[in-house]
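Structure file structure_5.txt; described as compact mmCIF, N, CA and C atoms.
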```txt
# COMPACT_ATOMS: atom_id res chain seq x y z
N MET A 13 5.87 -20.82 -12.81
CA MET A 13 4.84 -20.19 -12.03
C MET A 13 5.46 -19.72 -10.72
N SER A 14 5.33 -18.45 -10.43
CA SER A 14 5.90 -17.87 -9.23
C SER A 14 5.09 -18.21 -8.00
N HIS A 15 5.79 -18.36 -6.91
CA HIS A 15 5.16 -18.53 -5.61
C HIS A 15 4.86 -17.14 -5.05
N PHE A 16 3.72 -16.98 -4.39
CA PHE A 16 3.36 -15.70 -3.77
C PHE A 16 3.64 -15.78 -2.28
N THR A 17 4.23 -14.73 -1.75
CA THR A 17 4.52 -14.62 -0.33
C THR A 17 3.55 -13.64 0.29
N ARG A 18 3.12 -13.93 1.51
CA ARG A 18 2.23 -13.04 2.25
C ARG A 18 3.03 -12.37 3.36
N VAL A 19 2.90 -11.04 3.44
CA VAL A 19 3.64 -10.26 4.44
C VAL A 19 2.64 -9.46 5.23
N ARG A 20 2.59 -9.68 6.55
CA ARG A 20 1.67 -8.95 7.41
C ARG A 20 2.08 -7.49 7.50
N THR A 21 1.08 -6.61 7.57
CA THR A 21 1.32 -5.19 7.78
C THR A 21 0.43 -4.71 8.91
N ALA A 22 0.58 -3.46 9.32
CA ALA A 22 -0.29 -2.85 10.32
C ALA A 22 -1.30 -1.91 9.66
N LEU A 23 -1.36 -1.94 8.33
CA LEU A 23 -2.21 -1.03 7.58
C LEU A 23 -3.65 -1.52 7.64
N ARG A 24 -4.60 -0.60 7.92
CA ARG A 24 -6.00 -0.98 8.11
C ARG A 24 -6.98 -0.29 7.17
N ASP A 25 -6.67 0.88 6.70
CA ASP A 25 -7.61 1.70 5.93
C ASP A 25 -7.29 1.61 4.44
N ALA A 26 -8.25 1.12 3.65
CA ALA A 26 -8.01 0.94 2.21
C ALA A 26 -7.74 2.26 1.50
N ASP A 27 -8.46 3.32 1.87
CA ASP A 27 -8.24 4.62 1.21
C ASP A 27 -6.84 5.16 1.49
N LEU A 28 -6.39 5.02 2.73
CA LEU A 28 -5.04 5.47 3.06
C LEU A 28 -3.99 4.60 2.36
N LEU A 29 -4.27 3.30 2.22
CA LEU A 29 -3.36 2.41 1.50
C LEU A 29 -3.25 2.82 0.03
N VAL A 30 -4.38 3.14 -0.58
CA VAL A 30 -4.36 3.60 -1.98
C VAL A 30 -3.55 4.89 -2.10
N SER A 31 -3.73 5.80 -1.16
CA SER A 31 -2.97 7.04 -1.16
C SER A 31 -1.47 6.75 -1.03
N ALA A 32 -1.12 5.84 -0.13
CA ALA A 32 0.28 5.48 0.07
C ALA A 32 0.87 4.83 -1.18
N LEU A 33 0.12 3.96 -1.83
CA LEU A 33 0.61 3.34 -3.06
C LEU A 33 0.76 4.39 -4.16
N GLY A 34 -0.14 5.36 -4.20
CA GLY A 34 -0.01 6.45 -5.16
C GLY A 34 1.26 7.25 -4.92
N ALA A 35 1.54 7.54 -3.65
CA ALA A 35 2.77 8.28 -3.31
C ALA A 35 4.01 7.46 -3.63
N ALA A 36 3.86 6.13 -3.64
CA ALA A 36 4.99 5.24 -3.97
C ALA A 36 5.13 5.05 -5.48
N GLY A 37 4.27 5.72 -6.27
CA GLY A 37 4.43 5.70 -7.71
C GLY A 37 3.40 4.93 -8.50
N PHE A 38 2.39 4.38 -7.85
CA PHE A 38 1.37 3.62 -8.56
C PHE A 38 0.14 4.48 -8.78
N GLY A 39 -0.08 4.89 -10.02
CA GLY A 39 -1.19 5.76 -10.35
C GLY A 39 -2.51 5.03 -10.46
N THR A 40 -2.47 3.74 -10.72
CA THR A 40 -3.69 2.96 -10.89
C THR A 40 -3.71 1.84 -9.86
N VAL A 41 -4.65 1.95 -8.94
CA VAL A 41 -4.82 0.96 -7.88
C VAL A 41 -6.30 0.62 -7.80
N GLU A 42 -6.61 -0.67 -7.85
CA GLU A 42 -8.00 -1.12 -7.74
C GLU A 42 -8.35 -1.36 -6.27
N VAL A 43 -9.59 -1.01 -5.91
CA VAL A 43 -10.11 -1.30 -4.57
C VAL A 43 -11.45 -2.01 -4.74
N HIS A 44 -11.59 -3.14 -4.08
CA HIS A 44 -12.81 -3.95 -4.18
C HIS A 44 -13.34 -4.25 -2.78
N ASP A 45 -14.66 -4.35 -2.68
CA ASP A 45 -15.28 -4.75 -1.41
C ASP A 45 -15.01 -6.21 -1.10
N ALA A 46 -14.99 -7.03 -2.12
CA ALA A 46 -14.72 -8.46 -1.96
C ALA A 46 -13.39 -8.80 -2.63
N PRO A 47 -12.68 -9.79 -2.13
CA PRO A 47 -11.40 -10.16 -2.73
C PRO A 47 -11.55 -10.58 -4.20
N GLN A 48 -10.61 -10.14 -5.02
CA GLN A 48 -10.60 -10.45 -6.45
C GLN A 48 -9.36 -11.28 -6.77
N THR A 49 -9.43 -12.01 -7.86
CA THR A 49 -8.34 -12.89 -8.29
C THR A 49 -7.11 -12.09 -8.68
N LEU A 50 -5.94 -12.59 -8.26
CA LEU A 50 -4.66 -12.05 -8.71
C LEU A 50 -4.19 -12.89 -9.90
N TYR A 51 -3.43 -12.25 -10.81
CA TYR A 51 -2.96 -12.93 -12.01
C TYR A 51 -1.45 -12.96 -12.05
N GLY A 52 -0.93 -14.06 -12.60
CA GLY A 52 0.50 -14.23 -12.76
C GLY A 52 1.01 -13.52 -14.01
N TYR A 53 2.30 -13.58 -14.22
CA TYR A 53 2.93 -12.84 -15.32
C TYR A 53 2.48 -13.32 -16.70
N GLN A 54 1.96 -14.53 -16.80
CA GLN A 54 1.47 -15.03 -18.08
C GLN A 54 -0.03 -14.80 -18.24
N GLY A 55 -0.61 -14.06 -17.31
CA GLY A 55 -2.04 -13.80 -17.37
C GLY A 55 -2.89 -14.91 -16.78
N ASP A 56 -2.23 -15.86 -16.13
CA ASP A 56 -2.94 -16.98 -15.54
C ASP A 56 -3.54 -16.60 -14.19
N ALA A 57 -4.78 -17.02 -13.96
CA ALA A 57 -5.45 -16.75 -12.69
C ALA A 57 -4.76 -17.55 -11.59
N ARG A 58 -4.48 -16.89 -10.49
CA ARG A 58 -3.83 -17.52 -9.35
C ARG A 58 -4.87 -17.75 -8.25
N PRO A 59 -4.62 -18.63 -7.33
CA PRO A 59 -5.59 -18.85 -6.24
C PRO A 59 -5.63 -17.68 -5.24
N GLU A 60 -4.59 -16.86 -5.23
CA GLU A 60 -4.54 -15.72 -4.31
C GLU A 60 -5.56 -14.66 -4.73
N ARG A 61 -6.15 -14.02 -3.71
CA ARG A 61 -7.15 -12.99 -3.94
C ARG A 61 -6.86 -11.82 -3.01
N ALA A 62 -7.28 -10.62 -3.43
CA ALA A 62 -7.02 -9.42 -2.63
C ALA A 62 -8.07 -8.36 -2.91
N GLU A 63 -8.23 -7.43 -1.96
CA GLU A 63 -9.16 -6.32 -2.13
C GLU A 63 -8.51 -5.08 -2.74
N VAL A 64 -7.23 -4.88 -2.47
CA VAL A 64 -6.49 -3.75 -3.03
C VAL A 64 -5.43 -4.35 -3.97
N ILE A 65 -5.48 -3.93 -5.25
CA ILE A 65 -4.65 -4.59 -6.26
C ILE A 65 -3.98 -3.57 -7.17
N VAL A 66 -2.68 -3.79 -7.42
CA VAL A 66 -1.97 -3.12 -8.49
C VAL A 66 -1.75 -4.21 -9.54
N ARG A 67 -2.39 -4.04 -10.68
CA ARG A 67 -2.31 -5.06 -11.73
C ARG A 67 -0.93 -5.07 -12.38
N ARG A 68 -0.54 -6.24 -12.84
CA ARG A 68 0.78 -6.46 -13.43
C ARG A 68 1.05 -5.53 -14.61
N ALA A 69 0.01 -5.09 -15.30
CA ALA A 69 0.18 -4.17 -16.43
C ALA A 69 0.82 -2.85 -15.99
N HIS A 70 0.69 -2.51 -14.71
CA HIS A 70 1.25 -1.27 -14.18
C HIS A 70 2.59 -1.49 -13.48
N LEU A 71 3.06 -2.74 -13.46
CA LEU A 71 4.31 -3.07 -12.78
C LEU A 71 5.44 -3.39 -13.75
N GLY A 72 5.12 -4.03 -14.84
CA GLY A 72 6.12 -4.47 -15.80
C GLY A 72 5.68 -5.76 -16.45
N THR A 73 6.19 -6.05 -17.62
CA THR A 73 5.71 -7.20 -18.39
C THR A 73 6.00 -8.54 -17.74
N ALA A 74 7.04 -8.63 -16.94
CA ALA A 74 7.38 -9.90 -16.30
C ALA A 74 6.83 -10.01 -14.88
N SER A 75 6.09 -9.01 -14.45
CA SER A 75 5.59 -8.99 -13.07
C SER A 75 4.25 -9.71 -12.96
N ASN A 76 3.92 -10.04 -11.73
CA ASN A 76 2.63 -10.59 -11.34
C ASN A 76 1.84 -9.47 -10.68
N ASP A 77 0.53 -9.67 -10.51
CA ASP A 77 -0.26 -8.69 -9.76
C ASP A 77 0.29 -8.57 -8.35
N LEU A 78 0.15 -7.38 -7.79
CA LEU A 78 0.55 -7.09 -6.42
C LEU A 78 -0.74 -6.83 -5.65
N GLY A 79 -0.96 -7.56 -4.56
CA GLY A 79 -2.23 -7.42 -3.85
C GLY A 79 -2.07 -7.18 -2.37
N PHE A 80 -3.14 -6.65 -1.78
CA PHE A 80 -3.25 -6.48 -0.34
C PHE A 80 -4.60 -7.06 0.07
N ARG A 81 -4.55 -8.10 0.91
CA ARG A 81 -5.75 -8.81 1.35
C ARG A 81 -6.05 -8.47 2.80
N ARG A 82 -7.33 -8.19 3.06
CA ARG A 82 -7.74 -7.90 4.44
C ARG A 82 -7.77 -9.20 5.23
N THR A 83 -7.17 -9.17 6.41
CA THR A 83 -7.14 -10.35 7.28
C THR A 83 -8.28 -10.27 8.30
N ASP A 84 -8.44 -11.32 9.07
CA ASP A 84 -9.52 -11.38 10.07
C ASP A 84 -9.42 -10.28 11.12
N ASP A 85 -8.20 -9.80 11.41
CA ASP A 85 -8.05 -8.74 12.42
C ASP A 85 -8.20 -7.33 11.84
N GLY A 86 -8.51 -7.24 10.52
CA GLY A 86 -8.76 -5.95 9.90
C GLY A 86 -7.56 -5.32 9.24
N THR A 87 -6.37 -5.88 9.43
CA THR A 87 -5.18 -5.35 8.76
C THR A 87 -5.06 -5.97 7.36
N PHE A 88 -4.21 -5.36 6.56
CA PHE A 88 -3.94 -5.90 5.23
C PHE A 88 -2.63 -6.67 5.26
N GLU A 89 -2.58 -7.75 4.50
CA GLU A 89 -1.31 -8.41 4.26
C GLU A 89 -0.98 -8.26 2.79
N ALA A 90 0.28 -7.97 2.52
CA ALA A 90 0.74 -7.83 1.14
C ALA A 90 0.93 -9.22 0.54
N ILE A 91 0.51 -9.38 -0.69
CA ILE A 91 0.70 -10.63 -1.43
C ILE A 91 1.58 -10.30 -2.62
N ILE A 92 2.82 -10.78 -2.56
CA ILE A 92 3.84 -10.40 -3.54
C ILE A 92 4.53 -11.67 -4.03
N SER A 93 4.67 -11.80 -5.34
CA SER A 93 5.34 -12.98 -5.89
C SER A 93 6.82 -12.96 -5.54
N ASP A 94 7.42 -14.15 -5.54
CA ASP A 94 8.86 -14.23 -5.28
C ASP A 94 9.64 -13.38 -6.28
N TYR A 95 9.22 -13.40 -7.54
CA TYR A 95 9.90 -12.60 -8.56
C TYR A 95 9.83 -11.11 -8.21
N ASP A 96 8.66 -10.64 -7.83
CA ASP A 96 8.47 -9.21 -7.56
C ASP A 96 9.04 -8.77 -6.21
N ARG A 97 9.31 -9.71 -5.32
CA ARG A 97 9.90 -9.34 -4.02
C ARG A 97 11.30 -8.77 -4.18
N ARG A 98 11.93 -8.98 -5.32
CA ARG A 98 13.24 -8.36 -5.55
C ARG A 98 13.10 -6.84 -5.57
N GLN A 99 11.99 -6.36 -6.12
CA GLN A 99 11.76 -4.92 -6.18
C GLN A 99 10.85 -4.45 -5.04
N TYR A 100 9.87 -5.24 -4.69
CA TYR A 100 8.89 -4.84 -3.67
C TYR A 100 9.16 -5.65 -2.40
N SER A 101 10.24 -5.28 -1.74
CA SER A 101 10.77 -5.99 -0.59
C SER A 101 10.23 -5.40 0.72
N GLU A 102 10.79 -5.85 1.83
CA GLU A 102 10.44 -5.31 3.15
C GLU A 102 10.74 -3.81 3.20
N ALA A 103 11.83 -3.40 2.59
CA ALA A 103 12.18 -1.96 2.57
C ALA A 103 11.11 -1.17 1.82
N TRP A 104 10.65 -1.71 0.70
CA TRP A 104 9.58 -1.05 -0.05
C TRP A 104 8.30 -0.97 0.79
N LEU A 105 7.96 -2.04 1.48
CA LEU A 105 6.79 -2.01 2.35
C LEU A 105 6.95 -0.98 3.46
N GLY A 106 8.17 -0.79 3.94
CA GLY A 106 8.44 0.26 4.92
C GLY A 106 8.16 1.64 4.35
N THR A 107 8.54 1.85 3.11
CA THR A 107 8.27 3.13 2.45
C THR A 107 6.76 3.33 2.27
N VAL A 108 6.05 2.30 1.88
CA VAL A 108 4.59 2.39 1.75
C VAL A 108 3.98 2.72 3.11
N SER A 109 4.48 2.10 4.17
CA SER A 109 3.98 2.39 5.52
C SER A 109 4.23 3.84 5.92
N GLN A 110 5.36 4.39 5.53
CA GLN A 110 5.64 5.80 5.81
C GLN A 110 4.66 6.71 5.06
N HIS A 111 4.41 6.40 3.81
CA HIS A 111 3.43 7.18 3.04
C HIS A 111 2.04 7.06 3.66
N TYR A 112 1.71 5.88 4.15
CA TYR A 112 0.43 5.63 4.80
C TYR A 112 0.32 6.51 6.06
N ALA A 113 1.36 6.54 6.87
CA ALA A 113 1.36 7.35 8.09
C ALA A 113 1.22 8.83 7.75
N HIS A 114 1.87 9.28 6.70
CA HIS A 114 1.77 10.67 6.26
C HIS A 114 0.33 10.99 5.87
N ALA A 115 -0.28 10.12 5.06
CA ALA A 115 -1.67 10.33 4.64
C ALA A 115 -2.62 10.30 5.85
N ALA A 116 -2.37 9.41 6.80
CA ALA A 116 -3.21 9.33 8.00
C ALA A 116 -3.09 10.59 8.84
N THR A 117 -1.90 11.14 8.94
CA THR A 117 -1.69 12.38 9.70
C THR A 117 -2.41 13.54 9.04
N LEU A 118 -2.32 13.62 7.72
CA LEU A 118 -3.01 14.70 7.00
C LEU A 118 -4.52 14.58 7.15
N ARG A 119 -5.03 13.34 7.11
CA ARG A 119 -6.48 13.15 7.30
C ARG A 119 -6.89 13.56 8.71
N TYR A 120 -6.10 13.14 9.71
CA TYR A 120 -6.39 13.51 11.10
C TYR A 120 -6.40 15.03 11.25
N ALA A 121 -5.42 15.67 10.67
CA ALA A 121 -5.33 17.13 10.77
C ALA A 121 -6.57 17.78 10.16
N GLN A 122 -6.96 17.35 9.00
CA GLN A 122 -8.13 17.93 8.33
C GLN A 122 -9.40 17.67 9.14
N ASP A 123 -9.57 16.45 9.64
CA ASP A 123 -10.78 16.08 10.38
C ASP A 123 -10.88 16.78 11.73
N ASN A 124 -9.77 17.28 12.25
CA ASN A 124 -9.76 17.87 13.59
C ASN A 124 -9.40 19.35 13.60
N GLY A 125 -9.52 20.00 12.46
CA GLY A 125 -9.35 21.45 12.40
C GLY A 125 -7.92 21.94 12.42
N PHE A 126 -6.98 21.09 12.08
CA PHE A 126 -5.58 21.50 12.01
C PHE A 126 -5.21 21.83 10.57
N GLU A 127 -4.18 22.60 10.42
CA GLU A 127 -3.58 22.82 9.11
C GLU A 127 -2.10 22.53 9.23
N VAL A 128 -1.51 22.18 8.11
CA VAL A 128 -0.07 21.89 8.09
C VAL A 128 0.65 23.23 8.01
N ALA A 129 1.40 23.55 9.07
CA ALA A 129 2.16 24.80 9.11
C ALA A 129 3.47 24.63 8.34
N THR A 130 4.16 23.52 8.56
CA THR A 130 5.40 23.24 7.84
C THR A 130 5.49 21.75 7.55
N GLU A 131 6.18 21.45 6.46
CA GLU A 131 6.47 20.07 6.09
C GLU A 131 7.90 20.05 5.59
N GLU A 132 8.79 19.38 6.33
CA GLU A 132 10.21 19.37 5.99
C GLU A 132 10.73 17.95 5.96
N ARG A 133 11.65 17.69 5.07
CA ARG A 133 12.29 16.37 5.00
C ARG A 133 13.75 16.53 5.41
N ASP A 134 14.17 15.76 6.41
CA ASP A 134 15.56 15.78 6.87
C ASP A 134 16.45 15.07 5.86
N ALA A 135 17.75 15.24 6.02
CA ALA A 135 18.72 14.61 5.12
C ALA A 135 18.60 13.09 5.12
N ASP A 136 18.17 12.51 6.25
CA ASP A 136 18.03 11.05 6.33
C ASP A 136 16.69 10.55 5.79
N GLY A 137 15.86 11.48 5.28
CA GLY A 137 14.57 11.10 4.72
C GLY A 137 13.39 11.24 5.67
N THR A 138 13.67 11.55 6.93
CA THR A 138 12.60 11.72 7.91
C THR A 138 11.74 12.92 7.54
N LEU A 139 10.44 12.72 7.53
CA LEU A 139 9.50 13.79 7.23
C LEU A 139 8.97 14.36 8.54
N ARG A 140 9.05 15.67 8.68
CA ARG A 140 8.56 16.34 9.88
C ARG A 140 7.43 17.29 9.51
N LEU A 141 6.29 17.08 10.15
CA LEU A 141 5.13 17.94 9.95
C LEU A 141 4.88 18.75 11.22
N THR A 142 4.57 19.99 11.03
CA THR A 142 4.13 20.83 12.15
C THR A 142 2.69 21.21 11.85
N LEU A 143 1.80 20.83 12.76
CA LEU A 143 0.39 21.15 12.61
C LEU A 143 0.02 22.27 13.54
N ARG A 144 -0.95 23.06 13.14
CA ARG A 144 -1.43 24.11 14.05
C ARG A 144 -2.94 24.20 13.88
N ARG A 145 -3.56 24.64 14.97
CA ARG A 145 -5.01 24.82 14.96
C ARG A 145 -5.31 26.15 15.59
N PHE A 146 -6.16 26.87 14.95
CA PHE A 146 -6.57 28.17 15.48
C PHE A 146 -7.86 27.98 16.24
N THR A 147 -7.93 28.51 17.45
CA THR A 147 -9.14 28.38 18.26
C THR A 147 -9.81 29.70 18.45
```

Here is the file; what I need is its structure written in the form of structure tokens.
Amino acid sequence: MSHFTRVRTALRDADLLVSALGAAGFGTVEVHDAPQTLYGYQGDARPERAEVIVRRAHLGTASNDLGFRRTDDGTFEAIISDYDRRQYSEAWLGTVSQHYAHAATLRYAQDNGFEVATEERDADGTLRLTLRRFT
């Protein structure tokens, strides 16, 4: 039975988190108003619960569910098994955070009358957006 590790994040918006997970390659992500049970690689119910879940069926046969639980301060913490932390490490969480920031910027632009003029990725992976608004 794998141990689950909790990793604090600065992510607050479930819809943006789902978008970020989609950009990271997860096409199926569950979102719940109340925390739901996470399952281990053998299909066993674990005591860990989360509101945003990528089920093990979408990760691999030996994987456990991957969850994000809302904390008291409104941020999400990632709940990742020790086995899955080999693939879904701090670096992976950094990539999810970058996708989250991208989705948040696009939402801000749309909500405030901006359009994306250019979107470029530098050789080091940095994404640069230029927004413009016509008045």

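Minimum atom-to-atom distances from A:Ala32, A:Ser93, A:Asp134, A:Thr40 to Thr107 of chain A were compared using all atoms listed in the file, and the lowest value belongs to A:Ala32.
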
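Note that atom N of Gly125 of chain A and atom N of Asp45 of chain A are 29.1 Å apart.
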
Next item on the list: Can you check which residues of chain A DSSP gives as strand (DSSP E or B) on the backbone and send them as a ChimeraX atom specification?
Entry: /A:16-20,42-51,57-66,78-82,88-93,127-133,139-144

Item checked: Straight-line distance linking atom N of Thr83 of chain A with atom CA of Arg24 of chain A, stated in Å to one decimal -> 8.4 Å

Next item on the list: Write out as a ChimeraX atom specification each polymer residue whose atoms come within 8 Å of Glu63 of chain A, counting only C-alpha atoms; drop sequence neighbours fewer than 5 positions from it.
Entry: /A:42-48,79-82

Next item on the list: Could you give me, as a ChimeraX atom specification, each residue of segment 49-129 of chain A that DSSP assigns to alpha helix (DSSP H) when run on this structure's backbone?
Entry: /A:102-123

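Take atom CA of Arg20 of chain A and atom CA of Ala135 of chain A: the distance between them is 29.2 Å.
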
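Considering all atoms listed in the file, the residue among A:Ile91, A:Asn124, A:Ala74, A:Thr21 positioned nearest to Ala62 of chain A is A:Ile91.
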
Margin query: Here is a test: counting only C-alpha atoms, which residue of A:His70, A:His111, A:Arg58, A:Arg18 is nearest to Gly39 of chain A?
Written below: A:His70

Taking (-0.1, -6.0, -12.2) in the file's coordinates as the center, which residues reach within 9 Å of it, counting only C-alpha atoms, put as a PDB file with N, CA and C atoms, keeping the file's coordinate frame?
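Saved to part_30.pdb:
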```pdb
ATOM      1  N   LEU A  50      -5.940 -12.590  -8.260  1.00  0.00           N
ATOM      2  CA  LEU A  50      -4.660 -12.050  -8.710  1.00  0.00           C
ATOM      3  C   LEU A  50      -4.190 -12.890  -9.900  1.00  0.00           C
ATOM      4  N   TYR A  51      -3.430 -12.250 -10.810  1.00  0.00           N
ATOM      5  CA  TYR A  51      -2.960 -12.930 -12.010  1.00  0.00           C
ATOM      6  C   TYR A  51      -1.450 -12.960 -12.050  1.00  0.00           C
ATOM      7  N   GLY A  52      -0.930 -14.060 -12.600  1.00  0.00           N
ATOM      8  CA  GLY A  52       0.500 -14.230 -12.760  1.00  0.00           C
ATOM      9  C   GLY A  52       1.010 -13.520 -14.010  1.00  0.00           C
ATOM     10  N   TYR A  53       2.300 -13.580 -14.220  1.00  0.00           N
ATOM     11  CA  TYR A  53       2.930 -12.840 -15.320  1.00  0.00           C
ATOM     12  C   TYR A  53       2.480 -13.320 -16.700  1.00  0.00           C
ATOM     13  N   ILE A  65      -5.480  -3.930  -5.250  1.00  0.00           N
ATOM     14  CA  ILE A  65      -4.650  -4.590  -6.260  1.00  0.00           C
ATOM     15  C   ILE A  65      -3.980  -3.570  -7.170  1.00  0.00           C
ATOM     16  N   VAL A  66      -2.680  -3.790  -7.420  1.00  0.00           N
ATOM     17  CA  VAL A  66      -1.970  -3.120  -8.490  1.00  0.00           C
ATOM     18  C   VAL A  66      -1.750  -4.210  -9.540  1.00  0.00           C
ATOM     19  N   ARG A  67      -2.390  -4.040 -10.680  1.00  0.00           N
ATOM     20  CA  ARG A  67      -2.310  -5.060 -11.730  1.00  0.00           C
ATOM     21  C   ARG A  67      -0.930  -5.070 -12.380  1.00  0.00           C
ATOM     22  N   ARG A  68      -0.540  -6.240 -12.840  1.00  0.00           N
ATOM     23  CA  ARG A  68       0.780  -6.460 -13.430  1.00  0.00           C
ATOM     24  C   ARG A  68       1.050  -5.530 -14.610  1.00  0.00           C
ATOM     25  N   ALA A  69       0.010  -5.090 -15.300  1.00  0.00           N
ATOM     26  CA  ALA A  69       0.180  -4.170 -16.430  1.00  0.00           C
ATOM     27  C   ALA A  69       0.820  -2.850 -15.990  1.00  0.00           C
ATOM     28  N   HIS A  70       0.690  -2.510 -14.710  1.00  0.00           N
ATOM     29  CA  HIS A  70       1.250  -1.270 -14.180  1.00  0.00           C
ATOM     30  C   HIS A  70       2.590  -1.490 -13.480  1.00  0.00           C
ATOM     31  N   LEU A  71       3.060  -2.740 -13.460  1.00  0.00           N
ATOM     32  CA  LEU A  71       4.310  -3.070 -12.780  1.00  0.00           C
ATOM     33  C   LEU A  71       5.440  -3.390 -13.750  1.00  0.00           C
ATOM     34  N   GLY A  72       5.120  -4.030 -14.840  1.00  0.00           N
ATOM     35  CA  GLY A  72       6.120  -4.470 -15.800  1.00  0.00           C
ATOM     36  C   GLY A  72       5.680  -5.760 -16.450  1.00  0.00           C
ATOM     37  N   THR A  73       6.190  -6.050 -17.620  1.00  0.00           N
ATOM     38  CA  THR A  73       5.710  -7.200 -18.390  1.00  0.00           C
ATOM     39  C   THR A  73       6.000  -8.540 -17.740  1.00  0.00           C
ATOM     40  N   SER A  75       6.090  -9.010 -14.450  1.00  0.00           N
ATOM     41  CA  SER A  75       5.590  -8.990 -13.070  1.00  0.00           C
ATOM     42  C   SER A  75       4.250  -9.710 -12.960  1.00  0.00           C
ATOM     43  N   ASN A  76       3.920 -10.040 -11.730  1.00  0.00           N
ATOM     44  CA  ASN A  76       2.630 -10.590 -11.340  1.00  0.00           C
ATOM     45  C   ASN A  76       1.840  -9.470 -10.680  1.00  0.00           C
ATOM     46  N   ASP A  77       0.530  -9.670 -10.510  1.00  0.00           N
ATOM     47  CA  ASP A  77      -0.260  -8.690  -9.760  1.00  0.00           C
ATOM     48  C   ASP A  77       0.290  -8.570  -8.350  1.00  0.00           C
ATOM     49  N   LEU A  78       0.150  -7.380  -7.790  1.00  0.00           N
ATOM     50  CA  LEU A  78       0.550  -7.090  -6.420  1.00  0.00           C
ATOM     51  C   LEU A  78      -0.740  -6.830  -5.650  1.00  0.00           C
ATOM     52  N   GLY A  79      -0.960  -7.560  -4.560  1.00  0.00           N
ATOM     53  CA  GLY A  79      -2.230  -7.420  -3.850  1.00  0.00           C
ATOM     54  C   GLY A  79      -2.070  -7.180  -2.370  1.00  0.00           C
TER      55      GLY A  79
END
```

Please put the answer as JSON: centre and edge lengths, in Å with one decimal, of a box along x, y and z that encloses all listed atoms of segment 17-35 of chain A plus 6 Å on each side.
```
{"center_x": -2.0, "center_y": -3.2, "center_z": 2.6, "size_x": 25.0, "size_y": 35.0, "size_z": 27.5}
```

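Shortest separation to Trp104 of chain A among A:Ala90, A:Ala116, A:Asp56, A:Ser31 occurs at residue A:Ala90, atoms counted being only C-alpha atoms.
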